[in-house]
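Read the structure below first, then the notes.
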There are 4 protein chains.
Amino acid sequence: MTDTVVMAQRRVGLWIIGACGGVASTTALGLAALARGLTPPTGMVTALPQFAGHDFDEPAGFVLGGHDIRKGNFLTAARELHDRSNVFDERTLTACAGDLETWSANIRPGVVYKPNAAITALADRTDVRQARTPREAVDAIQADLKAFKTAHKLDHLVVVNAASTEPPFEVGDDQQSLERLLPALERPAPAALPTSSVYAFAALDAGFPYVNMTPSRGATLPALEDLARKRGVPHAGQDLKTGETLVKSVLAPLFARRNLRVLSWVGHNILGNRDGQVLNDPDNKASKVKSKDALLAELLGYKPQTLVSIEFIESLDDWKTAWDHIHFEGFLGAKMMLQFTWQGCDSLLAAPLVIDLVRLAALAQRRGESGVMSHLASFFKSPVGATEHDFGKQFLMLEEYLAKR
Amino acid sequence: MTDTVVMAQRRVGLWIIGACGGVASTTALGLAALARGLTPPTGMVTALPQFAGHDFDEPAGFVLGGHDIRKGNFLTAARELHDRSNVFDERTLTACAGDLETWSANIRPGVVYKPNAAITALADRTDVRQARTPREAVDAIQADLKAFKTAHKLDHLVVVNAASTEPPFEVGDDQQSLERLLPALERPAPAALPTSSVYAFAALDAGFPYVNMTPSRGATLPALEDLARKRGVPHAGQDLKTGETLVKSVLAPLFARRNLRVLSWVGHNILGNRDGQVLNDPDNKASKVKSKDALLAELLGYKPQTLVSIEFIESLDDWKTAWDHIHFEGFLGAKMMLQFTWQGCDSLLAAPLVIDLVRLAALAQRRGESGVMSHLASFFKSPVGATEHDFGKQFLMLEEYLAKR
Amino acid sequence: MTDTVVMAQRRVGLWIIGACGGVASTTALGLAALARGLTPPTGMVTALPQFAGHDFDEPAGFVLGGHDIRKGNFLTAARELHDRSNVFDERTLTACAGDLETWSANIRPGVVYKPNAAITALADRTDVRQARTPREAVDAIQADLKAFKTAHKLDHLVVVNAASTEPPFEVGDDQQSLERLLPALERPAPAALPTSSVYAFAALDAGFPYVNMTPSRGATLPALEDLARKRGVPHAGQDLKTGETLVKSVLAPLFARRNLRVLSWVGHNILGNRDGQVLNDPDNKASKVKSKDALLAELLGYKPQTLVSIEFIESLDDWKTAWDHIHFEGFLGAKMMLQFTWQGCDSLLAAPLVIDLVRLAALAQRRGESGVMSHLASFFKSPVGATEHDFGKQFLMLEEYLAKR
Amino acid sequence: MTDTVVMAQRRVGLWIIGACGGVASTTALGLAALARGLTPPTGMVTALPQFAGHDFDEPAGFVLGGHDIRKGNFLTAARELHDRSNVFDERTLTACAGDLETWSANIRPGVVYKPNAAITALADRTDVRQARTPREAVDAIQADLKAFKTAHKLDHLVVVNAASTEPPFEVGDDQQSLERLLPALERPAPAALPTSSVYAFAALDAGFPYVNMTPSRGATLPALEDLARKRGVPHAGQDLKTGETLVKSVLAPLFARRNLRVLSWVGHNILGNRDGQVLNDPDNKASKVKSKDALLAELLGYKPQTLVSIEFIESLDDWKTAWDHIHFEGFLGAKMMLQFTWQGCDSLLAAPLVIDLVRLAALAQRRGESGVMSHLASFFKSPVGATEHDFGKQFLMLEEYLAKR
Ligand SMILES: NC(=O)c1ccc[n+]([C@@H]2O[C@H](COP(=O)([O-])OP(=O)(O)OC[C@H]3O[C@@H](n4cnc5c(N)ncnc54)[C@H](O)[C@@H]3O)[C@@H](O)[C@H]2O)c1
Ligand SMILES: NC(=O)c1ccc[n+]([C@@H]2O[C@H](COP(=O)([O-])OP(=O)(O)OC[C@H]3O[C@@H](n4cnc5c(N)ncnc54)[C@H](O)[C@@H]3O)[C@@H](O)[C@H]2O)c1
Ligand SMILES: NC(=O)c1ccc[n+]([C@@H]2O[C@H](COP(=O)([O-])OP(=O)(O)OC[C@H]3O[C@@H](n4cnc5c(N)ncnc54)[C@H](O)[C@@H]3O)[C@@H](O)[C@H]2O)c1
Ligand SMILES: NC(=O)c1ccc[n+]([C@@H]2O[C@H](COP(=O)([O-])OP(=O)(O)OC[C@H]3O[C@@H](n4cnc5c(N)ncnc54)[C@H](O)[C@@H]3O)[C@@H](O)[C@H]2O)c1
Ligand code: NA
Ligand code: NA
């Protein structure tokens with residue numbers, strides 16, 4: 001009883017970088033629909049019966065805000081996604097429109113720090129902040145976060161990166177420790193941090209848990225991991241595992257355990273949403289392909305020939321479609337095939353996991369944990385702080401974590 | 001060093017019921033090729049690096065024999081399979097022909113006890129034993145097994161059921177305990193045991209480990225489990241998990257853990273070998289479909305609409321081909337799809353597991369274990385003595401078993 | 001100019017048997033949306049640029065009515081289909097709701113004549129007419145048709161059978177000529193005609209063109225073909241070719257022309273709409289499977305092993321999904337594979353063809369043609385009056401027909 | 001009777017450029033097996049029953065020779081292909097080995113004229129002719145062709161280009177007419193012709209029919225078409241249509257005729273033979289992808305978004321595997337999908353067509369025809385002299401050509 005009272009009182013701020021994106025708007029719609037009892041929590045790991053006993057934050061306790069560099073808000077973005085991909089129920093959209101509008105008032109202009117062409121092409125908000133140094137950007141972001149926290153009297157504030165994928169960032173000396181990074185933040189050039197890490201720095205430095213849904217760098221730098229530990233803040237990443245790679249992470253262990261030799265694994269992904277558009281830029285795509293390809297060698301114990309493509313096909317909109325062809329050798333040298341096609345709605349696969357990760361980050365914070373939440377490996381294509389890629393084993397890590405209270 | 005000496009001396013008899021079948025002849029060819037160093041142990045679980053420390057029986061120590069009701073032998077069966085399905089390497093076949101011929105001398109006429117039409121159609125051996133009572137059949141089988149053991153001075157003799165699938169058998173009172181079964185064995189009718197269980201009784205009663213590769217009853221009857229414990233013999237079954245069902249057993253847990261609701265799961269299997277021909281009989285097929293369909297509800301925690309078909313398409317020969325269509329619901333009610341096609345060579349998927357199971361049964365016997373080897377659940381579609389169907393968890397059971405020496 | 005005036009004046013009645021079904025309601029919605037300029041004529045053959053010069057009836061000239069045995073109307077049926085299968089645009093539905101309501105006033109209770117269980121289960125309309133003899137049923141139907149024609153001052157009235165598939169009907173002596181059929185219509189038993197043919201008789205006898213979208217008998221009986229010629233009425237059928245079979249009818253000629261030998265052709269269809277539910281009854285399914293399977297032997301010139309299944313999987317609703325596996329032999333005996341999966345929305349594939357066929361039947365009537373419209377073979381799985389199954393060649397027949405004015 | 005006598009006497013030389021390749025060696029094996037009655041003519045268009053009355057050259061009348069730049073011969077190439085891809089029957093290989101060896105004596109070192117890196121990497125024959133000018137190369141080639149003709153007393157000599165695909169060649173002024181080309185042939189630079197056209201020039205100029213199986217330029221240049229007409233020689237090309245594109249050429253007309261709007265068409269090809277290896281070079285691949293992609297716009301009448309990839313996956317060897325995803329819009333804007341996977345053995349699909357084309361070229365020569373054989377469009381991805389890409393209509397062109405004798 002007391003528990004319920006406490007829960008009801010807890011207010012959780014969810015600050016989404018990329019607030020006008022497909023994942024963000026679906027998360028907003030989903031939280032509103034859950035709070036109104038209009039939809040079951042399908043797709044949410046924290047809603048599984050076996051985790052029922054946990055004091056996870058209720059949808060009704062969530063307040064949303066975020067940064068974006070494009071015009072728009074939670075509601076227009078949700079409507080646009082629906083118009084193009086036909087993914088929502090009209091009635092749910094209508095019933096939740098008011099909530100999305102209210103939360104939209106909390107969206108602030110994003111920061112772009114040395115963006116590449118693909119990102120620049122998106123930034124149609126006139127008030128986007130062009131920071132001169134990383135430090136300037138950090139200050140602006142922290143001001144927004146703190147204002148949000150105060151205005152809404154939040155018990156937790158979790159920052160989630162759901163912004164467009166940025167190109168790979170080469171780590172140098174400046175990122176090796178917090179000590180070396182701090183002075184570099186004051187210099188206009190060379191770029192001490194990619195944009196995603198600027199946001200991550202701002203969040204962690206201000207004491208807010210940070211979760212990275214994307215293959216962008218975010219908090220995955222020695223200096224930022226350092227920062228997280230020093231400030232006592234939990235964080236997790238990177239790149240949500242929602243489709244083809246998720247399937248890979250249960251099939252590859254199967255081949256390994258049965259001693260069937262994978263000769264080649266080809267995966268072709270096609271999608272047509274804005275994410276796909278940004279990934280159409282070879283630079284930005286590089287981050288993604290790397291993240292999708294790396295796990296096979298780890299799971300199999302050797303490196304078969306692999307091929308991963310991800311291409312923008314406009315008509316598919318949010319319907320990410322993948323074909324995987326797995327060629328393997330069995331007993332006496334016989335060559336056999338397993339092929340699969342995945343037809344999933346990308347934003348609707350990601351959004352429930354965003355809610356899960358916010359709940360789990362808030363829980364970790366209440367438990368007083370800091371640094372990488374390696375028990376969240378099952379959520380990510382490139383799990384930070386974990387070498388395990390086998391989904392089954394990763395899930396056991398989550399179960400064990402939740403079992404010990 | 002001493003270990004190696006002991007290993008080299010150990011002789012393992014592998015007695016295959018269904019000796020002229022695809023699985024049996026592939027197992028024979030594989031063992032000969034392994035012993036001659038002509039092929040790597042791809043597809044063998046016991047050959048995985050992580051199990052390297054175990055004192056598993058070497059291929060060179062195997063001696064083969066078996067029962068069948070059709071004319072033919074290991075060599076003719078292997079050649080026939082190759083002619084139809086183009087699965088072996090001509091050079092391997094030639095190099096091992098002599099070994100297969102030698103072992104073929106150990107094949108004895110099988111026993112058919114109240115066979116149905118599909119089985120009767122196969123029995124072209126004129127010396128097939130038509131037993132009047134189960135007891136008569138048991139005696140004949142035991143005589144063959146004991147003679148084989150003596151003639152080849154075997155350290156182990158493992159009996160493997162790789163015979164055609166028989167129709168389902170309804171368990172009644174007579175099969176509830178060994179006590180009740182014994183008198184019933186003397187009666188010509190009603191059939192106290194299906195044919196597969198007659199063989200299983202003979203093996204267990206004579207103290208030989210028994211492994212059931214098929215969906216037929218075999219040792220899965222209270223009276224026979226009783227017998228195994230009383231005689232101190234290990235046994236395992238039933239229905240090897242080699243294709244579509246294997247894939248199911250890693251995909252279904254994925255949906256469960258991600259809280260994605262499976263709406264329907266359709267699986268269509270086509271194959272063209274003799275196994276497929278026998279399964280074309282609705283009676284015999286019933287056993288198989290049940291075995292392929294049952295695990296979903298257990299793995300998901302609820303029963304989605306399912307459909308499993310298995311049809312005989314002659315041109316496919318040993319190339320079992322399956323299409324699975326999985327329809328599932330994600331967040332906010334969105335419906336998505338995963339489809340896969342499996343193109344596997346059935347006998348070559350099964351044979352290395354036969355060798356694994358013989359090795360593991362022999363190991364269990366050396367360890368003094370008796371009764372159901374429930375740690376072998378990962379090998380079977382309908383694992384006896386285990387409720388776990390998740391392949392990953394089943395495999396952990398094997399790893400744990402092998403870890404404790 | 002004069003032409004346009006004439007066109008504008010022409011009023012075409014479309015009477016749909018099965019008026020509350022998926023195909024019927026989609027046709028109604030489509031016609032309303034076309035008349036209102038809300039949708040392009042995608043999927044309509046008569047709207048192809050190469051046929052632009054023809055005086056086809058405009059959507060605005062259509063008036064709809066029909067028979068059904070279930071409660072409901074065009075609007076409720078369209079809404080139900082949308083709720084289950086998410087196939088329409090909400091805005092189109094809203095804009096056309098009024099038209100559908102207006103037309104719904106023209107729906108009359110259907111006739112069931114010796115229905116089987118699957119059909120009986122549907123008939124929840126209390127005023128369904130249970131005819132004692134075929135003649136009684138014919139009279140009731142003709143009264144409805146004539147009243148509709150008069151009330152709406154129609155220039156044409158085309159009757160379309162889009163009712164649930166009925167079981168196969170065995171043709172006997174009574175159906176061999178009109179002469180023999182007429183007295184049999186007066187007898188309560190044995191059934192001189194299946195229900196679909198009762199409707200067909202009523203239409204043709206009253207001088208209204210008749211088109212059969214379904215695999216049911218309809219006008220495909222010597223006696224009814226006789227009647228059509230005598231009354232000077234055109235008719236066509238049977239079983240619309242909209243999905244898997246359509247693809248078959250272009251792929252099979254490819255194999256034939258390249259002299260690639262089809263070894264086996266397996267086609268598994270799954271669907272979840274009411275049509276699928278009725279087809280779940282083995283009797284009703286038999287008509288469909290026959291229609292889907294027959295064309296291969298004709299197209300290839302020999303009979304490969306074939307397998308066609310059609311199963312009800314509720315979650316798929318109107319999304320008919322099919323997997324076809326084609327195994328073929330090439331040069332030097334090599335075996336190869338082509339597989340395809342079809343994911344189509346059944347009612348939306350059928351509806352534009354309904355409009356096409358009504359337009360083409362009205363055209364034929366204006367041209368003074370009677371009897372089977374064999375030039376419409378490309379529309380049907382089992383084209384009446386044509387042995388050609390090659391879609392390309394069938395289409396040429398249509399082009400040639402339309403070329404000669 | 002007299003006809004048969006004439007046929008038996010006719011000797012046809014088949015000169016293959018790329019004689020040690022997969023297509024060439026399969027053609028050789030196939031011709032030997034056909035002549036020996038060891039295999040049926042499956043896959044050969046000229047062996048279709050409807051063309052039975054034609055005086056096509058018998059396999060027994062063929063003599064093979066050719067150019068290549070790699071070591072090897074018909075027999076070693078056939079064995080290598082079999083070892084890697086397991087495509088032939090061991091017995092056929094053994095029975096025909098002698099024939100292949102005999103023909104191998106007719107193989108001469110090829111000519112490379114300004115090769116790119118991918119081609120240079122192949123040329124391991126030490127006696128490959130490095131020509132200084134196109135004219136030098138032409139002279140060398142013609143000497144080989146004439147010597148072959150004389151030595152074997154050939155009635156026909158047909159030159160077939162089955163060499164590796166070369167990069168695209170930009171056509172300039174020198175290739176616009178024979179008049180302008182002739183002086184350019186004497187100049188070392190710039191390259192007046194790509195290698196494939198050097199061979200084509202040599203053949204046509206010497207009066208030998210020429211067929212281009214590849215996407216390389218070959219005879220497709222105004223100056224060479226001029227030459228063919230002047231010398232009175234028939235020729236055909238280019239790029240055999242054997243797999244994914246073949247299927248495209250029957251599916252695209254289906255969508256067009258049903259007025260279903262193709263939104264996007266994605267085709268991913270993977271293969272692992274030497275052809276695939278050469279195509280792995282972006283330059284050489286460019287020729288192929290262009291050839292595979294062009295036909296869609298022509299067939300549909302508009303340009304949907306398309307994507308064609310072709311990638312080298314070693315383990316697949318000769319088994320070309322393709323996945324095509326076709327996204328299309330139907331009535332009322334509904335989006336639907338057709339997907340197919342093609343698993344074909346590339347050399348075995350091509351070889352019977354090589355025999356067909358030689359037979360048809362010889363027939364054309366006997367009929368006194370010269371210039372482009374546009375009636376052979378159905379064989380090619382980029383048919384020279386024809387704009388029709390619809391396989392059905394292309395095939396009608398062949399039937400009409402053969403009907404008029
Ligand atoms: N299943 C999934 O959807 C999935 C899975 C794994 C990873 N991801 C990743 O999640 C991210 C979001 O996906 P999405 O489909 O919502 O993409 P989206 O393109 O719809 O949304 C991204 C949003 O980020 C905004 N943005 C870009 N740069 C920004 C910046 N510097 N500051 C603030 N906002 C910025 C964009 O304007 C856009 O509104 C992508 O990086 C994607 O790769 C998604
Ligand atoms: N991947 C796989 O191959 C796989 C997987 C799971 C289960 N299985 C099961 O393994 C069994 C063997 O498969 P297969 O492909 O070798 O089949 P198969 O038909 O080639 O061989 C079965 C053999 O059993 C013989 N037989 C039948 N009844 C007998 C009897 N009463 N006594 C002795 N011999 C008898 C038959 O004559 C035949 O030679 C089948 O039951 C099959 O369902 C196979
Ligand atoms: N692509 C396609 O949709 C397609 C293709 C080929 C054939 N068909 C056939 O078209 C028919 C209609 O398909 P649907 O999806 O609309 O099915 P549906 O079940 O939605 O509609 C059929 C309607 O017919 C009514 N009906 C049944 N018996 C009747 C009778 N005796 N008198 C009057 N009405 C009767 C039912 O009540 C129902 O409303 C089916 O036979 C189907 O097999 C459809
Ligand atoms: N289904 C099919 O196999 C198919 C279909 C369409 C087109 N093609 C084309 O046919 C050609 C042959 O295919 P393949 O699989 O046999 O390839 P391959 O690589 O096995 O054979 C090509 C041969 O050409 C030789 N060669 C290269 N340059 C030469 C030169 N300048 N002179 C003489 N020989 C030369 C190579 O050494 C090689 O032996 C390729 O261009 C391929 O793209 C094949
Ligand atoms: Na088998
Ligand atoms: Na090839």
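Ordering of the structure tokens sets the chain letters (A, B, ...), residue numbers begin anew at 1 in every chain, and ligands are numbered from 1 in the order given.
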* Asked: Neighbours of ligand 2 within 8 Å, counting only C-alpha atoms and all ligand atoms, as a ChimeraX atom specification?
  -> /B:17-25,67-71,109-113,115,119,122-123,161-166,195-196,213-216,239-243,273-279,288,318,345-351,381
* To do: Within 7 Å of chain A, which residues of chain D are there when counting only C-alpha atoms? Please give them as a ChimeraX atom specification.
  => /D:263-264,315
* To do: Tell me which protein, DNA and RNA residues are within 6 Å of D:Gln343, counting only C-alpha atoms, leaving out same-chain ones fewer than 2 positions away, and put them as a PyMOL selection string.
  => (chain C and resi 336-337) or (chain D and resi 320-321)
* So what do you get for atom CA of B:Leu193 versus atom CA of B:Arg132, distance-wise? -> 12.4 Å
Out of stretch 137-276 of chain B, which residues get strand (DSSP E or B) from DSSP, as a CSV table (one decimal) with N, CA, C and O atoms, in the first residue's frame?
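Dumped everything to states.csv:
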chain,number,residue,atom,x,y,z
B,156,HIS,N,31.1,-51.3,-24.7
B,156,HIS,CA,29.8,-50.7,-24.6
B,156,HIS,C,28.9,-51.2,-25.7
B,156,HIS,O,29.5,-51.5,-26.8
B,157,LEU,N,27.6,-51.3,-25.5
B,157,LEU,CA,26.7,-51.6,-26.6
B,157,LEU,C,25.6,-50.6,-26.4
B,157,LEU,O,24.8,-50.7,-25.4
B,158,VAL,N,25.4,-49.7,-27.4
B,158,VAL,CA,24.3,-48.7,-27.3
B,158,VAL,C,23.3,-49.0,-28.4
B,158,VAL,O,23.7,-49.2,-29.6
B,159,VAL,N,22.1,-49.1,-28.1
B,159,VAL,CA,21.0,-49.3,-29.1
B,159,VAL,C,20.3,-48.0,-29.4
B,159,VAL,O,19.9,-47.3,-28.5
B,160,VAL,N,20.3,-47.8,-30.7
B,160,VAL,CA,19.7,-46.5,-31.2
B,160,VAL,C,18.5,-46.8,-32.1
B,160,VAL,O,18.6,-47.6,-33.0
B,161,ASN,N,17.4,-46.2,-31.8
B,161,ASN,CA,16.2,-46.4,-32.7
B,161,ASN,C,16.2,-45.3,-33.7
B,161,ASN,O,16.0,-44.1,-33.5
B,210,TYR,N,19.8,-47.1,-24.3
B,210,TYR,CA,18.9,-47.0,-25.4
B,210,TYR,C,18.7,-45.5,-25.7
B,210,TYR,O,18.4,-44.7,-24.8
B,211,VAL,N,18.7,-45.2,-27.0
B,211,VAL,CA,18.5,-43.8,-27.4
B,211,VAL,C,17.5,-43.8,-28.6
B,211,VAL,O,17.6,-44.5,-29.6
B,212,ASN,N,16.4,-43.0,-28.4
B,212,ASN,CA,15.4,-43.0,-29.4
B,212,ASN,C,15.4,-41.7,-30.2
B,212,ASN,O,15.0,-40.6,-29.8
B,234,PRO,N,21.0,-46.2,-18.6
B,234,PRO,CA,20.6,-44.9,-19.0
B,234,PRO,C,19.9,-44.9,-20.4
B,234,PRO,O,20.2,-45.8,-21.2
B,235,HIS,N,19.0,-44.0,-20.6
B,235,HIS,CA,18.3,-43.9,-21.9
B,235,HIS,C,17.9,-42.5,-22.2
B,235,HIS,O,17.9,-41.6,-21.2
B,236,ALA,N,17.6,-42.2,-23.4
B,236,ALA,CA,17.2,-40.8,-23.8
B,236,ALA,C,16.3,-40.8,-25.0
B,236,ALA,O,16.3,-41.8,-25.8
B,240,LEU,N,14.8,-36.5,-32.7
B,240,LEU,CA,15.9,-35.6,-32.9
B,240,LEU,C,15.4,-34.2,-33.3
B,240,LEU,O,14.5,-34.1,-34.1
B,261,ARG,N,3.9,-10.5,-28.8
B,261,ARG,CA,2.9,-11.5,-28.7
B,261,ARG,C,2.8,-12.3,-30.1
B,261,ARG,O,2.4,-11.7,-31.1
B,262,VAL,N,3.1,-13.6,-30.0
B,262,VAL,CA,3.0,-14.4,-31.2
B,262,VAL,C,1.5,-14.6,-31.5
B,262,VAL,O,0.8,-15.2,-30.6
B,263,LEU,N,1.0,-14.2,-32.7
B,263,LEU,CA,-0.4,-14.3,-33.0
B,263,LEU,C,-0.7,-15.7,-33.7
B,263,LEU,O,-1.6,-16.4,-33.4
B,264,SER,N,0.2,-16.0,-34.6
B,264,SER,CA,0.1,-17.3,-35.2
B,264,SER,C,1.5,-17.8,-35.7
B,264,SER,O,2.4,-16.9,-36.0
B,265,TRP,N,1.7,-19.1,-35.8
B,265,TRP,CA,3.0,-19.6,-36.2
B,265,TRP,C,2.6,-20.8,-37.1
B,265,TRP,O,2.1,-21.8,-36.7
B,266,VAL,N,2.9,-20.6,-38.4
B,266,VAL,CA,2.6,-21.6,-39.4
B,266,VAL,C,3.9,-22.2,-39.9
B,266,VAL,O,4.9,-21.5,-40.2
B,267,GLY,N,4.0,-23.6,-39.9
B,267,GLY,CA,5.2,-24.2,-40.4
B,267,GLY,C,4.9,-25.3,-41.4
B,267,GLY,O,4.2,-26.3,-41.0
B,268,HIS,N,5.3,-25.1,-42.6
B,268,HIS,CA,5.1,-26.2,-43.6
B,268,HIS,C,6.4,-26.8,-43.9
B,268,HIS,O,7.4,-26.2,-44.3
B,269,ASN,N,6.5,-28.2,-43.8
B,269,ASN,CA,7.7,-28.9,-44.1
B,269,ASN,C,7.4,-29.8,-45.3
B,269,ASN,O,6.4,-30.5,-45.4
B,270,ILE,N,8.4,-29.8,-46.2
B,270,ILE,CA,8.3,-30.8,-47.3
B,270,ILE,C,9.6,-31.6,-47.4
B,270,ILE,O,10.7,-31.0,-47.2
B,271,LEU,N,9.5,-32.8,-47.7
B,271,LEU,CA,10.7,-33.6,-47.9
B,271,LEU,C,10.4,-34.9,-48.7
B,271,LEU,O,9.2,-35.2,-48.9
* Extract the full set of alpha helix (DSSP H) residues from stretch 14-231 of chain D according to DSSP on the backbone, and format it as a ChimeraX atom specification. => /D:22-35,74-85,90-104,117-120,134-151,178-184,195-205,222-231
* Could you give me, as a PyMOL selection string, the residues within 9 Å of stretch 174-190 of chain C, counting only C-alpha atoms and dropping anything in the same chain fewer than 6 positions from it? => chain C and resi 131-136+221-227
